[in-house]
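S.K.: Contents are mmCIF, C-alpha atoms (C1' of nucleotides); file name target.cif:
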```
data_entry
#
loop_
_atom_site.label_atom_id
_atom_site.label_comp_id
_atom_site.auth_asym_id
_atom_site.auth_seq_id
_atom_site.Cartn_x
_atom_site.Cartn_y
_atom_site.Cartn_z
CA MET A 19 103.63 98.94 129.33
CA GLN A 20 105.62 101.82 127.90
CA VAL A 21 108.05 101.37 125.06
CA ASP A 22 111.28 102.14 126.88
CA GLU A 23 110.27 100.13 129.87
CA ARG A 24 109.35 97.08 127.81
CA ARG A 25 112.46 97.35 125.68
CA GLN A 26 114.65 97.56 128.72
CA GLN A 27 112.96 94.53 130.27
CA LEU A 28 113.53 92.52 127.10
CA LEU A 29 117.16 93.56 126.91
CA GLU A 30 117.85 92.53 130.47
CA LEU A 31 116.11 89.24 129.92
CA GLY A 32 118.22 88.70 126.80
CA VAL A 33 121.45 89.39 128.65
CA ASP A 34 120.50 86.73 131.17
CA LEU A 35 119.35 84.17 128.65
CA PHE A 36 122.27 84.57 126.25
CA ALA A 37 124.69 84.37 129.15
CA SER A 38 123.69 80.76 129.71
CA HIS A 39 122.46 79.63 126.29
CA SER A 40 124.07 79.97 122.90
CA PHE A 41 122.50 81.95 120.10
CA ALA A 42 121.25 78.84 118.32
CA GLU A 43 119.89 77.25 121.47
CA LEU A 44 117.34 79.98 122.02
CA SER A 45 114.32 80.47 119.81
CA MET A 46 112.42 83.72 119.59
CA ALA A 47 109.27 81.89 120.69
CA GLN A 48 111.03 80.68 123.81
CA ILE A 49 112.33 84.13 124.60
CA ALA A 50 108.89 85.62 124.14
CA ARG A 51 107.35 82.96 126.36
CA GLU A 52 109.99 83.65 128.99
CA ALA A 53 109.15 87.36 128.82
CA GLY A 54 105.43 86.64 129.05
CA ILE A 55 104.65 88.26 125.73
CA SER A 56 103.87 87.08 122.20
CA LYS A 57 106.44 86.60 119.49
CA PRO A 58 105.19 89.44 117.27
CA LEU A 59 105.56 91.82 120.16
CA LEU A 60 109.18 90.79 120.54
CA TYR A 61 109.59 91.52 116.84
CA HIS A 62 107.89 94.83 117.40
CA TYR A 63 110.84 95.88 119.55
CA PHE A 64 113.67 94.19 117.66
CA PRO A 65 113.65 93.70 113.91
CA SER A 66 115.36 90.32 113.96
CA LYS A 67 116.88 87.73 116.24
CA ARG A 68 120.38 88.85 115.35
CA ASP A 69 119.53 92.45 116.10
CA TYR A 70 118.15 91.41 119.44
CA PHE A 71 121.25 89.40 120.23
CA LEU A 72 123.57 92.23 119.23
CA ALA A 73 121.54 94.66 121.29
CA THR A 74 122.04 92.48 124.37
CA LEU A 75 125.77 92.51 123.67
CA GLY A 76 125.81 96.11 122.56
CA GLU A 77 126.24 97.86 125.84
CA GLY A 78 129.09 95.74 127.05
CA VAL A 79 130.86 95.68 123.73
CA GLN A 80 130.63 99.42 123.23
CA GLN A 81 132.03 99.83 126.70
CA LEU A 82 134.91 97.52 125.82
CA ALA A 83 135.76 99.37 122.62
CA GLN A 84 135.81 102.58 124.62
CA ARG A 85 137.93 101.22 127.43
CA ILE A 86 140.72 99.81 125.32
CA GLU A 87 141.04 103.04 123.36
CA PRO A 88 144.39 104.55 124.35
CA ALA A 89 144.84 108.11 125.50
CA PRO A 90 145.54 110.20 122.38
CA GLY A 91 149.20 110.95 122.02
CA ALA A 92 150.33 108.27 124.43
CA PRO A 93 153.59 106.52 123.47
CA PRO A 94 152.91 103.25 121.61
CA LEU A 95 154.11 100.83 124.25
CA GLU A 96 152.15 102.57 126.93
CA ALA A 97 149.04 102.68 124.76
CA LEU A 98 149.32 98.97 124.08
CA SER A 99 149.94 98.11 127.68
CA HIS A 100 146.91 100.14 128.66
CA GLY A 101 144.79 98.42 126.04
CA VAL A 102 145.78 94.97 127.19
CA GLY A 103 145.16 95.90 130.79
CA ALA A 104 141.72 97.30 130.03
CA PHE A 105 140.88 94.26 127.96
CA LEU A 106 141.86 91.87 130.73
CA GLU A 107 139.87 93.89 133.22
CA TRP A 108 136.81 93.72 131.00
CA VAL A 109 137.19 89.99 130.47
CA ASP A 110 137.79 89.44 134.16
CA GLU A 111 134.49 91.12 134.95
CA ARG A 112 132.50 89.27 132.31
CA ASP A 113 134.17 85.90 131.98
CA LEU A 114 131.22 83.93 130.70
CA ALA A 115 130.07 86.73 128.41
CA TYR A 116 133.52 86.86 126.84
CA ARG A 117 133.52 83.15 126.16
CA LYS A 118 130.02 83.33 124.72
CA LEU A 119 131.14 86.18 122.54
CA LEU A 120 134.02 84.20 121.08
CA ALA A 121 131.84 81.14 120.64
CA SER A 122 129.02 83.05 118.92
CA ALA A 123 131.43 84.49 116.34
CA GLY A 124 130.82 81.42 114.22
CA GLU A 125 127.06 81.72 114.11
CA VAL A 126 126.48 85.47 114.07
CA PRO A 127 128.34 87.18 111.22
CA GLU A 128 128.08 90.57 112.88
CA VAL A 129 130.03 89.30 115.87
CA LYS A 130 132.75 87.97 113.62
CA ALA A 131 132.88 91.31 111.80
CA LEU A 132 133.11 93.11 115.11
CA ILE A 133 135.96 90.98 116.39
CA ASP A 134 137.77 91.21 113.07
CA GLU A 135 137.51 94.95 113.13
CA VAL A 136 138.96 95.23 116.62
CA ARG A 137 141.79 92.89 115.64
CA ASP A 138 142.49 94.85 112.49
CA ARG A 139 142.60 98.16 114.28
CA THR A 140 144.76 96.87 117.08
CA SER A 141 147.27 95.10 114.86
CA ASP A 142 147.54 98.21 112.70
CA ARG A 143 148.23 100.22 115.80
CA ILE A 144 150.97 97.84 116.88
CA VAL A 145 152.61 97.93 113.48
CA ASP A 146 152.39 101.70 113.35
CA GLY A 147 153.80 101.94 116.85
CA LEU A 148 156.87 100.05 115.70
CA GLY A 149 157.59 102.74 113.16
CA TYR A 150 156.40 100.93 110.06
CA ALA A 151 154.08 103.57 108.69
CA ASP A 152 152.78 101.45 105.82
CA ASP A 153 153.91 98.23 104.22
CA PRO A 154 155.37 96.50 107.25
CA PRO A 155 157.47 93.41 106.55
CA PRO A 156 155.12 90.43 106.17
CA LYS A 157 156.46 88.73 109.26
CA VAL A 158 155.87 91.78 111.41
CA ARG A 159 152.32 92.13 110.17
CA ALA A 160 151.76 88.42 110.76
CA ALA A 161 153.28 88.66 114.23
CA ALA A 162 150.97 91.48 115.29
CA ARG A 163 147.96 89.74 113.84
CA ALA A 164 148.76 86.33 115.25
CA TRP A 165 149.59 87.71 118.66
CA LEU A 166 145.99 88.86 119.01
CA TRP A 167 144.95 85.25 118.53
CA PHE A 168 147.58 84.29 121.06
CA MET A 169 145.96 86.66 123.49
CA ASP A 170 142.53 85.09 123.07
CA GLY A 171 144.03 81.65 123.55
CA ALA A 172 145.91 82.70 126.65
CA ILE A 173 142.84 84.38 128.09
CA LEU A 174 140.69 81.31 127.56
CA ASP A 175 143.35 79.23 129.28
CA TRP A 176 143.47 81.76 132.08
CA LEU A 177 139.70 81.76 132.57
CA GLU A 178 139.79 77.99 132.71
CA HIS A 179 142.55 77.73 135.29
CA ARG A 180 142.70 81.12 136.99
CA ASP A 181 146.16 80.37 138.33
CA LEU A 182 147.83 83.63 137.31
CA SER A 183 147.17 87.12 138.57
CA ARG A 184 145.90 89.59 136.04
CA ASP A 185 149.15 91.52 136.20
CA GLU A 186 151.22 88.40 135.61
CA LEU A 187 149.08 87.55 132.61
CA GLN A 188 149.43 91.06 131.23
CA ASP A 189 153.22 90.98 131.57
CA PHE A 190 153.32 87.56 130.02
CA LEU A 191 151.23 88.70 127.04
CA LEU A 192 153.39 91.72 126.39
CA GLY A 193 156.50 89.58 126.74
CA ALA A 194 155.12 87.11 124.25
CA LEU A 195 154.48 89.93 121.79
CA GLY A 196 158.09 90.95 122.19
CA GLY A 197 159.16 87.38 121.55
CA ALA A 198 157.02 87.13 118.44
CA LEU A 199 158.46 90.39 117.13
CA VAL A 200 161.98 89.16 117.73
CA ALA A 201 161.10 86.02 115.81
CA ALA A 202 159.79 88.29 113.06
CA GLY A 203 163.10 90.08 112.90
CA ALA A 204 161.76 93.34 114.27
CA ALA A 205 164.04 93.48 117.27
CA GLU A 206 165.59 96.77 116.17
CA ALA A 207 162.27 98.47 115.67
CA LEU A 208 161.35 97.29 119.14
CA ASN A 209 164.32 98.98 120.76
CA THR A 210 164.09 102.24 118.91
CA SER A 211 160.35 102.64 119.46
CA ASP A 212 160.28 101.72 123.14
CA GLN A 213 160.64 104.67 125.35
CA MET B 22 122.92 52.22 91.74
CA GLN B 23 124.85 50.19 94.29
CA VAL B 24 125.23 51.27 97.88
CA ASP B 25 128.97 51.90 97.93
CA GLU B 26 128.87 53.67 94.62
CA ARG B 27 126.04 55.98 95.66
CA ARG B 28 127.61 56.68 99.02
CA GLN B 29 130.90 57.52 97.41
CA GLN B 30 129.21 59.83 94.94
CA LEU B 31 127.43 61.64 97.77
CA LEU B 32 130.64 61.98 99.75
CA GLU B 33 132.51 63.47 96.84
CA LEU B 34 129.68 65.86 96.16
CA GLY B 35 129.71 66.86 99.83
CA VAL B 36 133.44 67.54 99.79
CA ASP B 37 132.93 69.89 96.85
CA LEU B 38 129.89 71.62 98.26
CA PHE B 39 131.23 72.10 101.78
CA ALA B 40 134.51 73.39 100.44
CA SER B 41 132.73 76.43 99.07
CA HIS B 42 129.67 76.76 101.30
CA SER B 43 129.44 76.76 105.06
CA PHE B 44 127.49 74.14 106.97
CA ALA B 45 124.54 76.43 107.56
CA GLU B 46 124.42 77.67 104.00
CA LEU B 47 123.55 74.25 102.61
CA SER B 48 120.25 72.52 103.20
CA MET B 49 119.79 68.81 102.86
CA ALA B 50 117.13 69.43 100.21
CA GLN B 51 119.61 71.46 98.18
CA ILE B 52 122.27 68.79 98.46
CA ALA B 53 119.81 66.11 97.41
CA ARG B 54 118.69 68.22 94.43
CA GLU B 55 122.32 68.72 93.46
CA ALA B 56 122.89 64.99 93.64
CA GLY B 57 119.76 64.32 91.59
CA ILE B 58 118.12 62.26 94.32
CA SER B 59 115.39 62.77 96.89
CA LYS B 60 115.97 63.94 100.43
CA PRO B 61 114.91 60.67 102.10
CA LEU B 62 117.47 58.82 100.01
CA LEU B 63 120.17 61.13 101.25
CA TYR B 64 119.01 60.29 104.76
CA HIS B 65 119.11 56.65 103.82
CA TYR B 66 122.86 56.93 103.43
CA PHE B 67 123.63 59.37 106.24
CA PRO B 68 121.65 59.50 109.46
CA SER B 69 121.84 63.27 109.87
CA LYS B 70 123.20 66.42 108.32
CA ARG B 71 126.04 66.58 110.85
CA ASP B 72 126.98 62.99 110.16
CA TYR B 73 127.06 63.73 106.49
CA PHE B 74 129.19 66.80 107.04
CA LEU B 75 131.61 64.98 109.31
CA ALA B 76 131.85 62.13 106.82
CA THR B 77 132.91 64.60 104.13
CA LEU B 78 135.56 65.96 106.48
CA GLY B 79 136.52 62.57 107.82
CA GLU B 80 138.94 61.56 105.16
CA GLY B 81 140.92 64.79 105.12
CA VAL B 82 140.96 65.17 108.86
CA GLN B 83 142.11 61.63 109.50
CA GLN B 84 144.84 62.20 107.00
CA LEU B 85 145.89 65.34 108.85
CA ALA B 86 145.99 63.65 112.24
CA GLN B 87 148.17 60.96 110.73
CA ARG B 88 150.51 63.36 109.01
CA ILE B 89 151.29 65.54 112.02
CA GLU B 90 151.95 62.51 114.22
CA PRO B 91 155.69 62.55 114.95
CA ALA B 92 157.94 59.58 114.46
CA PRO B 93 157.99 57.64 117.73
CA GLY B 94 161.07 58.39 119.75
CA ALA B 95 161.98 61.52 117.83
CA PRO B 96 163.50 64.29 119.95
CA PRO B 97 160.84 66.83 121.02
CA LEU B 98 162.04 69.76 118.95
CA GLU B 99 162.29 67.66 115.84
CA ALA B 100 158.86 66.14 116.44
CA LEU B 101 157.34 69.58 116.83
CA SER B 102 159.08 70.97 113.79
CA HIS B 103 157.86 68.03 111.76
CA GLY B 104 154.31 68.48 113.02
CA VAL B 105 154.26 72.18 112.12
CA GLY B 106 155.69 71.44 108.70
CA ALA B 107 153.12 68.73 108.00
CA PHE B 108 150.34 70.96 109.21
CA LEU B 109 151.38 73.83 106.96
CA GLU B 110 151.64 71.46 104.04
CA TRP B 111 148.15 70.19 104.67
CA VAL B 112 146.74 73.70 104.98
CA ASP B 113 148.61 74.81 101.89
CA GLU B 114 146.91 72.09 99.89
CA ARG B 115 143.44 72.83 101.21
CA ASP B 116 143.37 76.53 101.89
CA LEU B 117 139.66 77.21 101.59
CA ALA B 118 138.75 73.93 103.24
CA TYR B 119 140.91 74.85 106.23
CA ARG B 120 139.20 78.20 106.59
CA LYS B 121 135.77 76.59 106.28
CA LEU B 122 136.80 74.10 108.92
CA LEU B 123 137.77 76.80 111.39
CA ALA B 124 134.57 78.71 110.64
CA SER B 125 132.36 75.65 111.05
CA ALA B 126 133.73 75.02 114.53
CA GLY B 127 131.09 77.38 115.86
CA GLU B 128 128.15 75.60 114.30
CA VAL B 129 129.13 71.94 114.51
CA PRO B 130 130.06 70.88 118.03
CA GLU B 131 131.94 67.84 116.79
CA VAL B 132 134.33 70.04 114.84
CA LYS B 133 135.04 72.12 117.90
CA ALA B 134 135.66 68.96 119.91
CA LEU B 135 138.01 67.71 117.22
CA ILE B 136 140.03 70.92 117.10
CA ASP B 137 140.14 71.13 120.89
CA GLU B 138 141.42 67.60 121.08
CA VAL B 139 144.22 68.26 118.62
CA ARG B 140 145.17 71.42 120.50
CA ASP B 141 145.15 69.61 123.83
CA ARG B 142 147.31 66.79 122.59
CA THR B 143 149.76 69.09 120.90
CA SER B 144 150.15 71.48 123.81
CA ASP B 145 150.64 68.54 126.16
CA ARG B 146 153.32 67.25 123.88
CA ILE B 147 155.08 70.60 123.88
CA VAL B 148 154.98 70.83 127.65
CA ASP B 149 156.22 67.27 128.01
CA GLY B 150 158.98 67.93 125.53
CA LEU B 151 160.22 70.74 127.72
CA GLY B 152 160.74 68.32 130.53
CA TYR B 153 157.72 69.22 132.65
CA ALA B 154 156.27 65.78 133.11
CA ASP B 155 153.14 66.95 134.91
CA ASP B 156 152.12 70.18 136.55
CA PRO B 157 153.95 72.62 134.31
CA PRO B 158 154.15 76.20 135.57
CA PRO B 159 150.94 78.00 134.63
CA LYS B 160 152.72 80.36 132.29
CA VAL B 161 154.35 77.53 130.37
CA ARG B 162 151.06 75.73 129.97
CA ALA B 163 149.42 78.96 128.85
CA ALA B 164 152.26 79.66 126.42
CA ALA B 165 151.94 76.28 124.73
CA ARG B 166 148.18 76.56 124.57
CA ALA B 167 148.11 80.14 123.33
CA TRP B 168 150.84 79.51 120.78
CA LEU B 169 148.49 77.11 118.99
CA TRP B 170 146.05 79.97 118.63
CA PHE B 171 148.91 82.10 117.42
CA MET B 172 149.56 79.52 114.76
CA ASP B 173 145.98 79.60 113.49
CA GLY B 174 146.07 83.37 113.40
CA ALA B 175 149.37 83.43 111.54
CA ILE B 176 148.14 80.84 109.07
CA LEU B 177 144.98 82.79 108.32
CA ASP B 178 147.09 85.89 107.75
CA TRP B 179 149.37 83.86 105.54
CA LEU B 180 146.53 82.45 103.46
CA GLU B 181 145.21 85.96 103.02
CA HIS B 182 148.49 87.50 101.89
CA ARG B 183 150.65 84.61 100.73
CA ASP B 184 153.75 86.75 100.97
CA LEU B 185 155.91 84.31 102.92
CA SER B 186 157.28 80.98 101.84
CA ARG B 187 156.09 77.98 103.78
CA ASP B 188 159.56 77.50 105.22
CA GLU B 189 159.78 81.10 106.35
CA LEU B 190 156.41 80.77 108.03
CA GLN B 191 157.46 77.56 109.74
CA ASP B 192 160.64 79.12 111.09
CA PHE B 193 158.74 82.16 112.21
CA LEU B 194 156.18 80.03 114.06
CA LEU B 195 158.84 78.02 115.87
CA GLY B 196 160.68 81.23 116.70
CA ALA B 197 157.52 82.73 118.12
CA LEU B 198 157.01 79.67 120.29
CA GLY B 199 160.52 80.16 121.61
CA GLY B 200 159.73 83.80 122.31
CA ALA B 201 156.55 82.90 124.15
CA LEU B 202 158.39 80.34 126.26
CA VAL B 203 161.05 82.90 127.12
CA ALA B 204 158.28 85.26 128.17
CA ALA B 205 156.89 82.42 130.27
CA GLY B 206 160.20 82.05 132.03
CA ALA B 207 160.97 78.65 130.54
CA ALA B 208 164.23 79.69 128.90
CA GLU B 209 166.25 77.16 130.88
CA ALA B 210 164.00 74.26 129.99
CA LEU B 211 164.31 75.34 126.39
CA ASN B 212 168.08 75.12 126.42
CA THR B 213 168.32 71.85 128.28
CA SER B 214 165.71 70.08 126.16
CA ASP B 215 166.90 71.29 122.79
CA GLN B 216 169.39 69.00 121.26
"C1'" DA C 24 105.31 29.86 87.30
"C1'" DG C 25 104.36 31.84 91.57
"C1'" DC C 26 105.90 33.74 95.84
"C1'" DC C 27 108.71 35.98 99.21
"C1'" DA C 28 112.22 38.91 101.07
"C1'" DC C 29 115.12 42.46 100.32
"C1'" DT C 30 116.61 46.92 98.84
"C1'" DG C 31 116.96 51.41 96.36
"C1'" DT C 32 113.82 54.90 95.99
"C1'" DT C 33 110.32 58.56 96.83
"C1'" DG C 34 105.94 61.78 97.72
"C1'" DA C 35 103.93 63.45 101.48
"C1'" DC C 36 104.19 64.51 105.83
"C1'" DC C 37 105.81 66.41 110.88
"C1'" DG C 38 107.19 69.82 114.41
"C1'" DA C 39 110.04 73.82 114.98
"C1'" DC C 40 112.22 77.60 113.30
"C1'" DG C 41 112.60 82.94 111.94
"C1'" DG C 42 109.62 86.23 110.47
"C1'" DT C 43 104.84 88.68 108.82
"C1'" DT C 44 100.01 90.02 108.47
"C1'" DG C 45 95.64 91.72 109.90
"C1'" DA C 46 92.98 92.85 113.43
"C1'" DT C 47 91.86 94.39 118.38
"C1'" DA C 48 91.69 97.23 122.31
"C1'" DA C 49 93.10 101.15 124.86
"C1'" DG C 50 94.62 105.81 125.35
"C1'" DA C 51 95.67 110.54 123.78
"C1'" DC C 52 94.67 114.44 121.17
"C1'" DT C 53 91.15 117.65 118.54
"C1'" DA D 25 82.35 112.18 119.99
"C1'" DG D 26 85.47 110.96 116.75
"C1'" DT D 27 89.96 110.17 114.96
"C1'" DC D 28 94.70 108.70 115.27
"C1'" DT D 29 98.31 106.38 117.34
"C1'" DT D 30 100.23 102.44 119.59
"C1'" DA D 31 100.87 98.21 122.37
"C1'" DT D 32 99.35 93.87 121.61
"C1'" DC D 33 98.34 89.09 119.65
"C1'" DA D 34 96.12 84.83 116.97
"C1'" DA D 35 96.99 82.94 112.91
"C1'" DC D 36 99.67 82.51 109.21
"C1'" DC D 37 104.03 81.79 105.71
"C1'" DG D 38 108.12 79.49 103.75
"C1'" DT D 39 111.97 76.72 105.02
"C1'" DC D 40 114.46 73.81 107.78
"C1'" DG D 41 116.08 68.92 109.61
"C1'" DG D 42 114.11 64.67 109.80
"C1'" DT D 43 110.44 60.61 109.26
"C1'" DC D 44 106.86 57.41 107.34
"C1'" DA D 45 104.52 54.48 104.45
"C1'" DA D 46 104.60 52.80 100.21
"C1'" DC D 47 106.36 51.68 95.51
"C1'" DA D 48 109.20 49.17 92.06
"C1'" DG D 49 112.67 46.17 90.75
"C1'" DT D 50 115.56 41.99 91.64
"C1'" DG D 51 117.14 37.67 93.10
"C1'" DG D 52 116.44 33.30 95.25
"C1'" DC D 53 113.35 29.56 96.74
"C1'" DT D 54 109.71 26.10 96.03
#
```
Translate the structure of the given file into structure tokens.

M.R.:
Amino acid sequence: MQVDERRQQLLELGVDLFASHSFAELSMAQIAREAGISKPLLYHYFPSKRDYFLATLGEGVQQLAQRIEPAPGAPPLEALSHGVGAFLEWVDERDLAYRKLLASAGEVPEVKALIDEVRDRTSDRIVDGLGYADDPPPKVRAAARAWLWFMDGAILDWLEHRDLSRDELQDFLLGALGGALVAAGAAEALNTSDQ
Amino acid sequence: MQVDERRQQLLELGVDLFASHSFAELSMAQIAREAGISKPLLYHYFPSKRDYFLATLGEGVQQLAQRIEPAPGAPPLEALSHGVGAFLEWVDERDLAYRKLLASAGEVPEVKALIDEVRDRTSDRIVDGLGYADDPPPKVRAAARAWLWFMDGAILDWLEHRDLSRDELQDFLLGALGGALVAAGAAEALNTSDQ
DNA sequence: AGCCACTGTTGACCGACGGTTGATAAGACT
DNA sequence: AGTCTTATCAACCGTCGGTCAACAGTGGCT
């Protein structure tokens, strides 16, 4: 079998397997058996188990990072709203993959790094959008940062119950951010930066 | 050496080791070497690595559960405020241990179960305190649930920067909960249940 | 004294894991 | 025909969590 073909087959198999089993639950020997090949051949295509796992995530995650990127020059609130919307859309489509992603953050350092990076970039963007170029007040920084956790919590709750529409959830999330910023004493910045 | 003595020594060693190394980073052989005993003897005192790990957590975690328990009959807002305060105090004392605990949730199912249980109980208590006996509106349930995530995020940010006093953080957290509940449309319940 | 039962202790082992090595067979190019 | 590349694998390595069979010391019983 040709390289690209084989690699593609292994990736698709991995997407399936990791969608229903956690990282630790699957051994490379099992995966190879499932693919009908030997373990060294699997290692011939992917240098390590983590690399293989990340490759199976890779496509979807890259797509996510791209989708939540705001249009350049968009006003802050609009950019944020767009990002949240795109994020919810992505999660809505992938559900199980999203939960697996969050769960695997503890066992695969690269996943944790990836999530941390997205959180960092997004919270920086929020703080910047409020007009604090650098050195935001500690509470504002904490509010932006913690709200991203809030979002993950709310999304997990949503996936579990599915009793809100996506639009309702989006409005609720943005409202909660507003509430957190008010609690952080950034109400003025909110008003002046909204358009 | 006597049983209780040896067991106690191993527990104390475990508390130290797991405070600075994650669950996966430590092998039972290493731990035994550190304790100056053989691996089978370690297994003589603890039936498995997870049991050993949980035993080292046990003390601290039990203490936490006890501390955040509100006084029976206390008004909801006061009970919550007390719980948050006690929680922050506990985290403040343990810092690194708290972070290791959150990180180990991904690798040790029991830890995840433990955290989930605390979150469930606390969010239920919040919802009850607002006067929704059962069947709260989805947004209110989501707000309570997600706010607990918010709290973990804010605490991690706090531990990283340490540029807020514990009281400021506590007020900020409670304020953010209020903001989230407003965003959830529970403003009325807030006013009527506050005393 | 001799014996037994118990208990704290361990060297040596097991199966499974992630990962590597050395060799084989089949094309493709010269 | 001969050489080089490449897809492929049996057999191996070190380490892991966990187990087994046996040893040595101690206290009570006869």

S.K.: Which of these residues is nearest to chain A, using all atoms listed in the file: B:Val112, B:Ala53, B:Leu98, B:Ser43?

M.R.: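 Looking only at the distances to chain A, the closest residue turns out to be B:Ser43.
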
S.K.: Residues of chain B within 9 Å of chain C: nearest atom pair and distance (Å, one decimal) for each, counting all atoms listed in the file, sorted by chain and number, as CSV?

M.R.:
```
residue,atom,partner,partner_atom,distance
B:Met22,CA,C:DG31,C1',7.6
B:Gln23,CA,C:DG31,C1',8.2
B:Val24,CA,C:DG31,C1',8.4
B:Ile58,CA,C:DT32,C1',8.7
B:Ser59,CA,C:DT33,C1',6.6
B:Lys60,CA,C:DT33,C1',8.6
B:Pro61,CA,C:DT33,C1',7.3
B:Leu62,CA,C:DT32,C1',6.7
```

S.K.: Let's have the selection written as a short mmCIF file (atom, residue, chain, number, x, y, z; two decimals), keeping the file's coordinate frame, with C-alpha atoms.

M.R.:
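What landed in out.cif:
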```cif
data_model
loop_
_atom_site.label_atom_id
_atom_site.label_comp_id
_atom_site.auth_asym_id
_atom_site.auth_seq_id
_atom_site.Cartn_x
_atom_site.Cartn_y
_atom_site.Cartn_z
CA MET B 22 122.92 52.22 91.74
CA GLN B 23 124.85 50.19 94.29
CA VAL B 24 125.23 51.27 97.88
CA ILE B 58 118.12 62.26 94.32
CA SER B 59 115.39 62.77 96.89
CA LYS B 60 115.97 63.94 100.43
CA PRO B 61 114.91 60.67 102.10
CA LEU B 62 117.47 58.82 100.01
#
```

S.K.: Write out, as JSON lines, each residue of chain B that has an atom at most 9 Å from chain D, together with the closest pair of atoms and their distance in Å to one decimal, counting all atoms listed in the file, rows going by chain and rising number.

M.R.:
```
{"residue": "B:Ser48", "atom": "CA", "partner": "D:DC40", "partner_atom": "C1'", "distance": 7.5}
{"residue": "B:Met49", "atom": "CA", "partner": "D:DG41", "partner_atom": "C1'", "distance": 7.7}
{"residue": "B:Pro61", "atom": "CA", "partner": "D:DT43", "partner_atom": "C1'", "distance": 8.4}
{"residue": "B:Tyr64", "atom": "CA", "partner": "D:DG42", "partner_atom": "C1'", "distance": 8.3}
{"residue": "B:Ser69", "atom": "CA", "partner": "D:DG42", "partner_atom": "C1'", "distance": 7.9}
{"residue": "B:Lys70", "atom": "CA", "partner": "D:DG41", "partner_atom": "C1'", "distance": 7.7}
```

S.K.: Can you work out which one of B:Ala45, B:Ile52, B:Ile136, B:Leu101 has the shortest atom-to-atom distance to chain A, counting only C-alpha atoms?

M.R.: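 Residue with the minimum atom-to-atom distance to chain A: B:Ala45.
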
S.K.: Please expand the PyMOL selection byres ((chain B) within 6 of (chain A)) into the concrete residues it hits in this file, giving the result as a PDB file with C-alpha atoms, keeping the file's coordinate frame.

M.R.:
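In the end it all went to expr24.pdb:
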```
ATOM      1  CA  ALA B 124     134.570  78.710 110.640  1.00  0.00           C
ATOM      2  CA  GLY B 127     131.090  77.380 115.860  1.00  0.00           C
ATOM      3  CA  ALA B 163     149.420  78.960 128.850  1.00  0.00           C
ATOM      4  CA  ALA B 167     148.110  80.140 123.330  1.00  0.00           C
ATOM      5  CA  TRP B 168     150.840  79.510 120.780  1.00  0.00           C
ATOM      6  CA  TRP B 170     146.050  79.970 118.630  1.00  0.00           C
ATOM      7  CA  PHE B 171     148.910  82.100 117.420  1.00  0.00           C
ATOM      8  CA  GLY B 174     146.070  83.370 113.400  1.00  0.00           C
ATOM      9  CA  ALA B 175     149.370  83.430 111.540  1.00  0.00           C
ATOM     10  CA  PHE B 193     158.740  82.160 112.210  1.00  0.00           C
ATOM     11  CA  GLY B 196     160.680  81.230 116.700  1.00  0.00           C
ATOM     12  CA  ALA B 197     157.520  82.730 118.120  1.00  0.00           C
ATOM     13  CA  GLY B 200     159.730  83.800 122.310  1.00  0.00           C
ATOM     14  CA  ALA B 201     156.550  82.900 124.150  1.00  0.00           C
ATOM     15  CA  ALA B 204     158.280  85.260 128.170  1.00  0.00           C
TER      16      ALA B 204
END
```

S.K.: CA of Gly91 in chain A and CA of Asp153 in chain A, how far apart in Å?

M.R.: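 If I compute the distance from CA of Asp153 in chain A to CA of Gly91 in chain A, I get 22.4 Å.
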
S.K.: Quick one: what's the axis-aligned box for range 71-81 of chain B, all listed atoms, 4 Å on every side, centre and edges in Å to one decimal, as JSON?

M.R.:
```
{"center_x": 133.5, "center_y": 64.2, "center_z": 107.5, "size_x": 22.9, "size_y": 13.2, "size_z": 14.7}
```

S.K.: Between CA of Ala92 in chain A and CA of Arg137 in chain A, measure the distance and give it in Å to one decimal.

M.R.: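 Between CA of Ala92 in chain A and CA of Arg137 in chain A the gap is 19.7 Å.
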
S.K.: Around the point (153.9, 61.5, 111.0) in the file's coordinates, collect all residues with an atom within 12 Å, using all atoms listed in the file, and return them as a list in words.

M.R.: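 Here is the list of nearby residues: Gln83, Gln84, Leu85, Ala86, Gln87, Arg88, Ile89, Glu90, Pro91, Ala92, Pro93, Gly94, Ala95, Glu99, Ala100, Leu101, Ser102, His103, Gly104, Val105, Gly106, Ala107 and Phe108 of chain B.
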
S.K.: Provide the CA of Glu46 in chain B to CA of Arg51 in chain A distance in Å, to one decimal place.

M.R.: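 Spanning CA of Glu46 in chain B to CA of Arg51 in chain A is a straight-line distance of 28.6 Å.
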
S.K.: Any idea what's packed within 9 Å of Leu34 in chain B, counting all atoms listed in the file, ignoring anything in its chain fewer than 2 positions away? Could you give it as a count of residues only?

M.R.: 12
